[in-house]
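target18.cif (mmCIF, C-alpha atoms and all ligand atoms) appears below.
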```cif
data_target
loop_
_atom_site.label_atom_id
_atom_site.label_comp_id
_atom_site.auth_asym_id
_atom_site.auth_seq_id
_atom_site.Cartn_x
_atom_site.Cartn_y
_atom_site.Cartn_z
CA MET T 1 46.61 191.18 119.00
CA ASN T 2 46.37 194.88 119.77
CA LEU T 3 43.55 196.29 121.90
CA LYS T 4 41.63 197.59 118.91
CA GLU T 5 41.46 194.16 117.28
CA HIS T 6 40.77 192.61 120.66
CA VAL T 7 37.78 194.85 121.40
CA ILE T 8 36.33 194.38 117.91
CA GLU T 9 36.61 190.62 118.22
CA ALA T 10 35.03 190.64 121.68
CA PHE T 11 32.16 192.75 120.31
CA GLU T 12 31.64 190.36 117.41
CA GLN T 13 31.53 187.39 119.74
CA ARG T 14 28.87 189.02 121.90
CA PHE T 15 26.72 190.68 119.30
CA GLY T 16 27.37 188.70 116.12
CA GLU T 17 28.30 191.65 113.91
CA ARG T 18 30.86 194.43 113.50
CA PRO T 19 30.51 197.38 115.89
CA SER T 20 29.26 200.61 114.32
CA THR T 21 31.70 202.73 116.35
CA ILE T 22 35.13 202.14 117.86
CA ILE T 23 36.52 204.58 120.38
CA ARG T 24 39.95 205.06 121.87
CA SER T 25 40.28 207.22 124.98
CA PRO T 26 43.75 207.59 126.53
CA GLY T 27 45.07 207.65 130.07
CA ARG T 28 47.51 210.39 130.98
CA VAL T 29 50.72 211.10 132.77
CA ASN T 30 51.29 214.49 134.34
CA LEU T 31 54.80 215.89 133.80
CA ILE T 32 54.38 218.58 136.46
CA GLY T 33 51.60 220.57 138.14
CA GLU T 34 50.14 218.27 140.80
CA HIS T 35 47.16 219.18 142.97
CA THR T 36 47.05 222.54 141.23
CA ASP T 37 43.99 221.91 139.04
CA TYR T 38 41.35 222.37 141.74
CA ASN T 39 43.23 225.49 142.84
CA ASP T 40 42.49 227.04 139.43
CA GLY T 41 46.17 226.61 138.57
CA PHE T 42 48.37 225.14 135.83
CA VAL T 43 49.07 221.55 134.81
CA LEU T 44 51.29 219.99 132.15
CA PRO T 45 50.11 216.46 131.34
CA LEU T 46 50.32 214.32 128.22
CA ALA T 47 47.86 211.73 126.96
CA ILE T 48 49.66 208.36 126.83
CA ASP T 49 49.72 205.34 124.58
CA ARG T 50 47.60 203.34 127.05
CA ALA T 51 43.87 203.71 126.63
CA VAL T 52 40.31 202.54 127.15
CA TRP T 53 38.83 201.04 123.97
CA LEU T 54 35.09 200.81 123.42
CA ALA T 55 33.30 199.07 120.54
CA LEU T 56 29.55 199.64 120.32
CA ARG T 57 26.34 199.94 118.36
CA PRO T 58 23.23 202.04 119.08
CA ARG T 59 20.11 200.67 120.82
CA GLU T 60 16.66 202.00 120.26
CA ASP T 61 15.17 201.19 123.69
CA GLY T 62 16.90 203.86 125.79
CA ARG T 63 19.15 201.38 127.59
CA VAL T 64 22.89 200.99 127.93
CA LEU T 65 24.47 197.55 128.13
CA ALA T 66 28.25 197.50 128.53
CA TYR T 67 30.61 194.59 129.09
CA SER T 68 34.12 195.15 130.36
CA GLN T 69 36.77 192.61 129.36
CA GLU T 70 38.46 193.20 132.70
CA GLN T 71 35.39 192.85 134.96
CA PRO T 72 33.06 189.94 135.66
CA GLU T 73 29.70 191.76 135.58
CA PRO T 74 28.26 193.88 132.77
CA THR T 75 26.32 197.06 133.47
CA ASP T 76 22.78 197.27 132.11
CA PHE T 77 20.56 200.26 132.86
CA ALA T 78 17.75 202.41 131.51
CA LEU T 79 19.09 205.88 130.73
CA ARG T 80 16.43 207.72 132.66
CA GLU T 81 16.35 205.40 135.65
CA SER T 82 19.99 204.74 136.48
CA GLN T 83 20.71 204.12 140.16
CA HIS T 84 23.90 204.02 142.19
CA THR T 85 24.89 200.46 142.93
CA ASN T 86 28.53 201.04 143.85
CA SER T 87 29.59 198.59 141.21
CA GLY T 88 32.98 200.22 140.53
CA TRP T 89 33.64 200.90 136.87
CA ALA T 90 29.94 200.91 135.94
CA GLU T 91 29.38 204.03 138.06
CA TYR T 92 31.49 206.03 135.60
CA VAL T 93 29.26 204.88 132.76
CA LYS T 94 26.03 205.63 134.62
CA GLY T 95 27.34 208.87 136.05
CA MET T 96 28.40 210.19 132.65
CA ALA T 97 24.99 209.31 131.21
CA ARG T 98 23.26 211.12 134.03
CA MET T 99 25.43 214.24 133.72
CA LEU T 100 24.80 214.39 129.97
CA LEU T 101 21.03 214.05 130.51
CA ASP T 102 21.05 216.71 133.22
CA ALA T 103 23.00 219.01 130.88
CA GLY T 104 20.15 218.68 128.36
CA TYR T 105 21.61 216.22 125.84
CA ASP T 106 19.06 214.04 124.12
CA LEU T 107 20.62 210.58 124.46
CA THR T 108 20.28 207.41 122.44
CA GLY T 109 21.25 204.17 124.21
CA TRP T 110 23.99 201.79 123.08
CA GLU T 111 25.52 198.41 123.78
CA GLY T 112 29.13 197.46 123.60
CA VAL T 113 32.32 196.01 124.95
CA LEU T 114 35.21 197.83 126.50
CA THR T 115 38.75 196.96 127.36
CA SER T 116 41.64 198.91 128.79
CA ASP T 117 45.35 198.76 129.43
CA VAL T 118 45.33 201.74 131.81
CA PRO T 119 45.90 200.17 135.23
CA VAL T 120 43.19 201.14 137.74
CA GLY T 121 44.29 203.20 140.76
CA SER T 122 47.79 203.75 139.40
CA GLY T 123 47.60 207.51 138.90
CA LEU T 124 47.20 207.29 135.11
CA SER T 125 43.53 208.33 135.02
CA SER T 126 41.78 205.14 134.03
CA SER T 127 38.47 206.63 135.23
CA ALA T 128 38.76 209.85 133.20
CA ALA T 129 39.65 207.78 130.14
CA LEU T 130 36.50 205.73 130.69
CA GLU T 131 34.31 208.81 131.22
CA MET T 132 35.57 210.40 128.03
CA ALA T 133 35.06 207.14 126.10
CA VAL T 134 31.46 207.06 127.33
CA GLY T 135 30.95 210.71 126.38
CA ARG T 136 32.32 209.95 122.92
CA ALA T 137 30.03 206.91 122.63
CA PHE T 138 26.94 208.99 123.39
CA ALA T 139 28.10 211.69 120.97
CA ALA T 140 28.42 209.06 118.22
CA VAL T 141 25.05 207.35 118.69
CA SER T 142 23.08 210.46 119.66
CA ASN T 143 24.61 212.64 116.95
CA PHE T 144 26.02 215.56 118.83
CA PRO T 145 29.56 216.94 118.47
CA PHE T 146 32.13 215.75 121.02
CA ASP T 147 33.35 218.99 122.58
CA GLY T 148 36.49 218.12 124.57
CA ILE T 149 36.02 220.94 127.09
CA LYS T 150 32.30 220.39 127.70
CA MET T 151 32.85 216.64 128.01
CA ALA T 152 35.73 217.17 130.44
CA ARG T 153 33.47 219.28 132.66
CA LEU T 154 30.82 216.56 132.64
CA GLY T 155 33.45 213.95 133.45
CA GLN T 156 34.59 215.98 136.42
CA GLN T 157 30.97 216.33 137.52
CA THR T 158 30.63 212.56 137.29
CA GLU T 159 33.53 212.19 139.73
CA ASN T 160 32.31 214.93 142.07
CA GLU T 161 28.55 214.35 142.07
CA TRP T 162 28.10 210.69 141.20
CA VAL T 163 31.24 208.87 142.34
CA GLY T 164 32.01 211.13 145.31
CA ALA T 165 35.63 211.97 144.49
CA ASN T 166 36.20 215.70 144.72
CA THR T 167 38.76 215.72 141.90
CA GLY T 168 39.76 218.55 139.58
CA ILE T 169 39.51 218.70 135.81
CA MET T 170 43.02 217.87 134.61
CA ASP T 171 42.49 214.20 133.83
CA GLN T 172 39.38 214.61 131.72
CA MET T 173 40.86 217.63 129.90
CA ILE T 174 43.97 215.79 128.82
CA SER T 175 42.20 212.54 127.99
CA ALA T 176 39.69 214.37 125.78
CA ASN T 177 42.09 216.90 124.24
CA GLY T 178 45.55 215.31 124.19
CA ARG T 179 47.81 216.01 121.24
CA ALA T 180 50.19 213.43 119.74
CA GLY T 181 53.81 214.38 120.33
CA PHE T 182 53.06 217.15 122.84
CA ALA T 183 52.35 217.83 126.48
CA LEU T 184 49.51 220.30 127.06
CA LEU T 185 49.80 223.32 129.30
CA ILE T 186 46.29 223.67 130.69
CA ASP T 187 45.13 226.71 132.59
CA CYS T 188 42.52 225.15 134.86
CA ARG T 189 40.86 228.53 135.42
CA ASP T 190 39.76 229.28 131.87
CA LEU T 191 40.55 225.85 130.35
CA THR T 192 42.80 227.26 127.65
CA MET T 193 45.42 224.83 126.36
CA ALA T 194 48.80 225.18 124.66
CA PRO T 195 50.79 222.28 123.18
CA ILE T 196 54.36 222.18 124.51
CA PRO T 197 56.99 219.94 122.85
CA LEU T 198 59.21 217.65 124.91
CA PRO T 199 62.93 218.48 124.72
CA GLN T 200 64.61 216.64 121.84
CA GLU T 201 66.21 213.28 122.45
CA THR T 202 64.40 212.79 125.72
CA ALA T 203 61.93 210.05 126.64
CA VAL T 204 59.22 209.87 129.28
CA LEU T 205 59.29 206.84 131.58
CA ILE T 206 56.34 205.69 133.66
CA LEU T 207 57.40 203.87 136.81
CA ASP T 208 54.57 201.97 138.45
CA THR T 209 55.30 201.21 142.10
CA MET T 210 52.46 198.63 142.04
CA THR T 211 50.91 200.32 145.07
CA ARG T 212 47.37 201.65 144.52
CA HIS T 213 45.14 204.51 145.65
CA SER T 214 41.47 205.37 145.73
CA HIS T 215 40.47 209.05 145.50
CA THR T 216 37.24 208.38 147.34
CA ASP T 217 39.42 207.78 150.40
CA SER T 218 39.66 210.79 152.66
CA GLY T 219 43.21 211.94 151.79
CA TYR T 220 42.42 213.62 148.50
CA ASN T 221 39.34 215.46 149.73
CA GLU T 222 41.21 216.54 152.86
CA ARG T 223 43.97 218.12 150.80
CA ARG T 224 41.35 220.01 148.88
CA GLU T 225 39.80 221.32 152.06
CA SER T 226 43.18 222.56 153.32
CA CYS T 227 43.64 224.46 150.06
CA GLU T 228 40.20 226.03 150.37
CA ARG T 229 40.97 227.07 153.93
CA ALA T 230 44.21 228.68 152.84
CA ALA T 231 42.50 230.52 149.95
CA ALA T 232 39.87 231.85 152.35
CA PHE T 233 42.62 233.04 154.69
CA PHE T 234 44.16 235.05 151.86
CA GLY T 235 40.74 236.37 150.85
CA VAL T 236 40.74 234.80 147.36
CA SER T 237 38.58 232.14 145.75
CA HIS T 238 41.55 229.94 144.79
CA LEU T 239 45.24 229.64 145.70
CA ARG T 240 46.07 230.44 142.08
CA ASP T 241 45.64 234.07 143.09
CA VAL T 242 48.25 234.05 145.84
CA SER T 243 51.83 234.84 144.78
CA LEU T 244 54.82 233.41 146.60
CA ALA T 245 55.62 236.89 147.99
CA GLN T 246 52.07 237.32 149.30
CA PHE T 247 52.22 233.86 150.82
CA GLU T 248 55.56 234.44 152.53
CA ALA T 249 54.44 237.76 153.98
CA ARG T 250 51.67 236.06 155.97
CA ALA T 251 52.71 232.41 156.13
CA ALA T 252 53.55 232.60 159.84
CA GLU T 253 49.91 233.29 160.66
CA LEU T 254 48.81 229.92 159.24
CA ASP T 255 48.80 226.65 161.14
CA ASP T 256 51.58 224.28 160.11
CA ILE T 257 49.47 221.91 157.96
CA THR T 258 47.62 224.65 156.07
CA ARG T 259 50.89 226.52 155.51
CA ARG T 260 52.57 223.47 153.98
CA ARG T 261 49.63 222.57 151.77
CA ALA T 262 49.40 226.12 150.46
CA ARG T 263 53.14 226.38 149.93
CA HIS T 264 53.08 223.29 147.76
CA VAL T 265 50.33 224.63 145.51
CA ILE T 266 51.81 228.11 145.18
CA THR T 267 55.33 226.90 144.41
CA GLU T 268 54.01 224.16 142.10
CA ASN T 269 52.16 226.67 139.95
CA ASP T 270 55.41 228.60 139.55
CA ARG T 271 57.25 225.38 138.68
CA VAL T 272 54.79 224.57 135.91
CA LEU T 273 55.34 227.93 134.24
CA ALA T 274 59.11 227.55 134.62
CA ALA T 275 58.84 224.04 133.17
CA VAL T 276 57.07 225.39 130.09
CA GLN T 277 59.86 227.92 129.58
CA SER T 278 62.51 225.24 129.92
CA MET T 279 60.72 223.03 127.39
CA GLN T 280 60.40 225.87 124.96
CA ALA T 281 64.15 226.41 125.32
CA GLY T 282 64.80 222.67 124.89
CA ASP T 283 66.40 222.63 128.34
CA ALA T 284 65.87 219.13 129.71
CA ALA T 285 68.20 219.65 132.67
CA THR T 286 66.12 222.51 134.08
CA LEU T 287 62.88 220.66 133.43
CA GLY T 288 64.28 217.66 135.32
CA ARG T 289 65.29 219.78 138.30
CA LEU T 290 61.80 221.24 138.46
CA MET T 291 60.35 217.72 138.46
CA ASN T 292 62.62 216.74 141.35
CA ALA T 293 61.57 219.83 143.28
CA SER T 294 57.93 218.99 142.61
CA HIS T 295 58.39 215.55 144.13
CA ALA T 296 60.06 216.98 147.24
CA SER T 297 57.20 219.44 147.66
CA LEU T 298 54.57 216.71 147.25
CA ARG T 299 56.42 214.57 149.78
CA ASP T 300 57.32 217.17 152.40
CA ASP T 301 54.62 219.84 152.12
CA PHE T 302 51.60 218.20 150.51
CA ALA T 303 52.23 214.75 152.02
CA VAL T 304 50.65 212.70 149.23
CA THR T 305 53.54 210.35 148.41
CA ASN T 306 54.06 206.95 150.00
CA ALA T 307 57.32 205.18 150.79
CA GLN T 308 57.29 203.34 147.47
CA LEU T 309 56.78 206.50 145.42
CA ASP T 310 59.60 208.19 147.31
CA GLU T 311 61.84 205.19 146.73
CA ILE T 312 61.20 204.82 143.02
CA ALA T 313 61.60 208.57 142.43
CA ARG T 314 64.84 208.59 144.39
CA LEU T 315 66.21 205.60 142.49
CA ALA T 316 65.28 207.13 139.13
CA GLN T 317 66.77 210.51 140.04
CA ALA T 318 70.08 208.80 140.89
CA GLN T 319 70.52 207.18 137.46
CA PRO T 320 72.96 208.70 134.97
CA GLY T 321 70.89 209.94 132.03
CA CYS T 322 67.85 210.77 134.17
CA PHE T 323 67.02 214.50 134.19
CA GLY T 324 64.34 214.27 136.87
CA ALA T 325 61.58 212.15 138.39
CA ARG T 326 58.50 212.67 140.51
CA MET T 327 55.26 211.04 141.54
CA THR T 328 52.42 211.67 139.11
CA GLY T 329 48.66 211.94 139.60
CA GLY T 330 46.84 212.22 142.89
CA GLY T 331 49.41 210.25 144.91
CA PHE T 332 48.98 207.85 147.87
CA GLY T 333 50.24 205.11 145.54
CA GLY T 334 50.56 204.51 141.82
CA CYS T 335 53.16 205.80 139.40
CA ALA T 336 56.10 208.12 139.11
CA VAL T 337 57.20 209.81 135.90
CA ALA T 338 60.79 210.41 134.80
CA LEU T 339 62.36 212.44 132.04
CA VAL T 340 65.40 210.62 130.67
CA GLU T 341 67.85 210.67 127.79
CA ALA T 342 66.10 208.71 125.06
CA GLU T 343 69.20 206.61 124.37
CA MET T 344 69.47 205.56 127.99
CA ALA T 345 65.78 204.91 128.64
CA ALA T 346 65.85 201.11 128.46
CA GLU T 347 68.97 200.87 130.60
CA ILE T 348 67.52 203.21 133.23
CA ALA T 349 64.28 201.23 133.32
CA THR T 350 66.17 197.98 133.92
CA ALA T 351 68.40 199.45 136.62
CA VAL T 352 65.56 201.10 138.54
CA ALA T 353 63.43 197.95 138.31
CA ALA T 354 66.16 195.81 139.87
CA GLN T 355 66.98 198.29 142.61
CA TYR T 356 63.32 198.98 143.46
CA GLN T 357 62.51 195.30 143.61
CA SER T 358 65.20 194.64 146.17
CA ALA T 359 64.35 197.75 148.22
CA ALA T 360 60.54 197.50 148.18
CA SER T 361 59.94 193.76 147.65
CA LEU T 362 57.53 194.62 144.83
CA ILE T 363 58.06 194.08 141.12
CA PRO T 364 57.56 197.47 139.47
CA HIS T 365 56.33 198.02 135.95
CA ILE T 366 58.52 200.53 134.13
CA TYR T 367 58.06 201.51 130.51
CA ILE T 368 58.60 204.27 127.98
CA THR T 369 55.48 206.17 127.01
CA THR T 370 54.70 208.49 124.11
CA ALA T 371 52.32 211.43 123.89
CA SER T 372 49.18 210.37 122.06
CA SER T 373 46.08 212.18 120.83
CA GLY T 374 42.90 212.54 122.85
CA THR T 375 39.60 210.63 122.79
CA ALA T 376 38.52 209.81 119.25
CA THR T 377 36.57 207.39 117.10
CA LEU T 378 38.80 205.21 114.93
C1 LIG T 401 43.87 213.24 140.45
C2 LIG T 401 42.68 214.12 140.12
C3 LIG T 401 43.12 215.35 139.34
C4 LIG T 401 44.29 216.06 140.02
C5 LIG T 401 45.37 215.07 140.40
C6 LIG T 401 46.46 215.72 141.20
O1 LIG T 401 44.41 212.68 139.29
O2 LIG T 401 41.75 213.42 139.36
O3 LIG T 401 42.03 216.22 139.16
O4 LIG T 401 43.84 216.79 141.12
O5 LIG T 401 44.86 213.98 141.13
O6 LIG T 401 47.14 216.65 140.44
#
```

Could you rewrite the structure in this file as structure tokens?
Amino acid sequence: MNLKEHVIEAFEQRFGERPSTIIRSPGRVNLIGEHTDYNDGFVLPLAIDRAVWLALRPREDGRVLAYSQEQPEPTDFALRESQHTNSGWAEYVKGMARMLLDAGYDLTGWEGVLTSDVPVGSGLSSSAALEMAVGRAFAAVSNFPFDGIKMARLGQQTENEWVGANTGIMDQMISANGRAGFALLIDCRDLTMAPIPLPQETAVLILDTMTRHSHTDSGYNERRESCERAAAFFGVSHLRDVSLAQFEARAAELDDITRRRARHVITENDRVLAAVQSMQAGDAATLGRLMNASHASLRDDFAVTNAQLDEIARLAQAQPGCFGARMTGGGFGGCAVALVEAEMAAEIATAVAAQYQSAASLIPHIYITTASSGTATL
């Protein structure tokens, strides 16, 4: 049974009728452009074929009641009186409701069931997928248009103001606005987007190390603070506005940590733009080299990889038929992404899985993904 049938059946069992609305909201994998979004920079993610599914019907009493197939407890709250209870996934539902209310949306309540095959804490944006599903649910029952940019901003606000993770806007933007068959170049300053095709006869592999992160841990917020310090040093609001030449001219004046963090962001922005050019030229080899360089920069300068991410990226990079590989998402655990020859994808996945298992004593999950469309009702 696929997840759509599964969520409809679960809804019918709980509520005794068909849902009025069914929503699919995808996770994402970022090809390149890591920790650039909150520096007003560029990112190049794609929405993936793994998603949060939500089946629901409206309620007239101003409450939300949501069951998750993956979690023991439902969440049940009055729209205007929601409180933090630190109950994990439910905070994304409550937070999104609160941000919509604060932004002036007139909300109707709903009840429903959700399920997901986006692994939590793996760097594939399970939380953004959930936020965008909730935004889409409110749009459906309250009758307002789902604007992918406005909803992405509210999702980011949910993370920043409700959940306490100081994340950027990439994940919500790609989940809400993804385009089937394409990666999206997103300019995180003005939120313009351009679809960029993958080179022909390539495939995208996701390589899950089976280690996990939490962005409410200090590492993510600390990286952000270093970037803000560096921007202030250069007299700009965001590192986006510092060129490599400007950086190099004054790099020696920075302390070692701030210098490395800034160097990652500044070089990564350049790599994203080079990656777009290589994709437009159908040049998978150059794109792969840029991905490898991105990983090295995230490991050595930004220090957000862990031993398992380094290992799986290294193993992937060493396979014949692999153009490049790097960690993806916030880091500190989770997944890597690789660009490979489509014909060799299955073989590469099998080889890396065996080698990683013996090196890391963990069984990885490695699979081919495809670029899907963004949050939608189906
Ligand atoms: C997490 C955040 C994003 C982005 C990435 C790193 O996924 O949610 O906003 O900062 O990390 O690129």

Ligand LIG 401 (chain T) neighbours within 8 Å using only C-alpha atoms and all ligand atoms, as an mmCIF file with C-alpha atoms, in the coordinates of the input:
```
data_model
loop_
_atom_site.group_PDB
_atom_site.id
_atom_site.type_symbol
_atom_site.label_atom_id
_atom_site.label_comp_id
_atom_site.auth_asym_id
_atom_site.auth_seq_id
_atom_site.Cartn_x
_atom_site.Cartn_y
_atom_site.Cartn_z
ATOM 1 C CA ASN T 30 51.290 214.490 134.340
ATOM 2 C CA GLY T 33 51.600 220.570 138.140
ATOM 3 C CA GLU T 34 50.140 218.270 140.800
ATOM 4 C CA HIS T 35 47.160 219.180 142.970
ATOM 5 C CA THR T 36 47.050 222.540 141.230
ATOM 6 C CA ASP T 37 43.990 221.910 139.040
ATOM 7 C CA TYR T 38 41.350 222.370 141.740
ATOM 8 C CA VAL T 43 49.070 221.550 134.810
ATOM 9 C CA GLY T 123 47.600 207.510 138.900
ATOM 10 C CA LEU T 124 47.200 207.290 135.110
ATOM 11 C CA SER T 125 43.530 208.330 135.020
ATOM 12 C CA ALA T 128 38.760 209.850 133.200
ATOM 13 C CA GLN T 156 34.590 215.980 136.420
ATOM 14 C CA THR T 167 38.760 215.720 141.900
ATOM 15 C CA GLY T 168 39.760 218.550 139.580
ATOM 16 C CA ILE T 169 39.510 218.700 135.810
ATOM 17 C CA MET T 170 43.020 217.870 134.610
ATOM 18 C CA ASP T 171 42.490 214.200 133.830
ATOM 19 C CA HIS T 215 40.470 209.050 145.500
ATOM 20 C CA TYR T 220 42.420 213.620 148.500
ATOM 21 C CA THR T 328 52.420 211.670 139.110
ATOM 22 C CA GLY T 329 48.660 211.940 139.600
ATOM 23 C CA GLY T 330 46.840 212.220 142.890
ATOM 24 C CA GLY T 331 49.410 210.250 144.910
#
```

### Message
Residues within 6 Å of Arg212 in chain T, please, as a ChimeraX atom specification. Count only C-alpha atoms; anything in the same chain fewer than 3 positions from it doesn't count.
### Response
/T:121-122,333-334

Per residue of range 119-219 of chain T within 12 Å of range 268-274 of chain T, which atom pair is closest and at what distance in Å (one decimal), using only C-alpha atoms, listed by chain and increasing number, as JSON lines?
```
{"residue": "T:Ala183", "atom": "CA", "partner": "T:Val272", "partner_atom": "CA", "distance": 11.8}
{"residue": "T:Leu184", "atom": "CA", "partner": "T:Val272", "partner_atom": "CA", "distance": 11.2}
{"residue": "T:Leu185", "atom": "CA", "partner": "T:Val272", "partner_atom": "CA", "distance": 8.4}
{"residue": "T:Ile186", "atom": "CA", "partner": "T:Val272", "partner_atom": "CA", "distance": 10.0}
{"residue": "T:Asp187", "atom": "CA", "partner": "T:Asn269", "partner_atom": "CA", "distance": 10.2}
{"residue": "T:Cys188", "atom": "CA", "partner": "T:Asn269", "partner_atom": "CA", "distance": 11.0}
{"residue": "T:Ala194", "atom": "CA", "partner": "T:Leu273", "partner_atom": "CA", "distance": 11.9}
{"residue": "T:Ile196", "atom": "CA", "partner": "T:Leu273", "partner_atom": "CA", "distance": 11.3}
```

### Message
Set the distance at 10 Å and use all atoms listed in the file: which residues neighbour Asp117 in chain T once local chain neighbours fewer than 4 positions away are removed? I'd like the list as number ranges by chain.
### Response
T: 3, 26-27, 49-53, 70, 126

### Message
So, with only C-alpha atoms as the atoms that count, which of T:Leu44, T:Leu287, T:Ala349, T:Cys322 lies closest to Ala275 in chain T?
### Response
T:Leu287

### Task
Go through T:Ala303, T:Leu298, T:Ile266, T:Ala97 one by one, measure the shortest atom-to-atom distance of each to Gly41 in chain T using only C-alpha atoms, and give the residue with the smallest value.
T:Ile266

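Of the residues under consideration (T:Lys150, T:Arg326, T:Arg179, T:Arg229), T:Arg229 shows the shortest atom-to-atom contact distance to Arg261 in chain T when counting only C-alpha atoms.
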
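With CA of Tyr92 in chain T on one side and CA of Glu131 in chain T on the other, the separation reads 5.9 Å.
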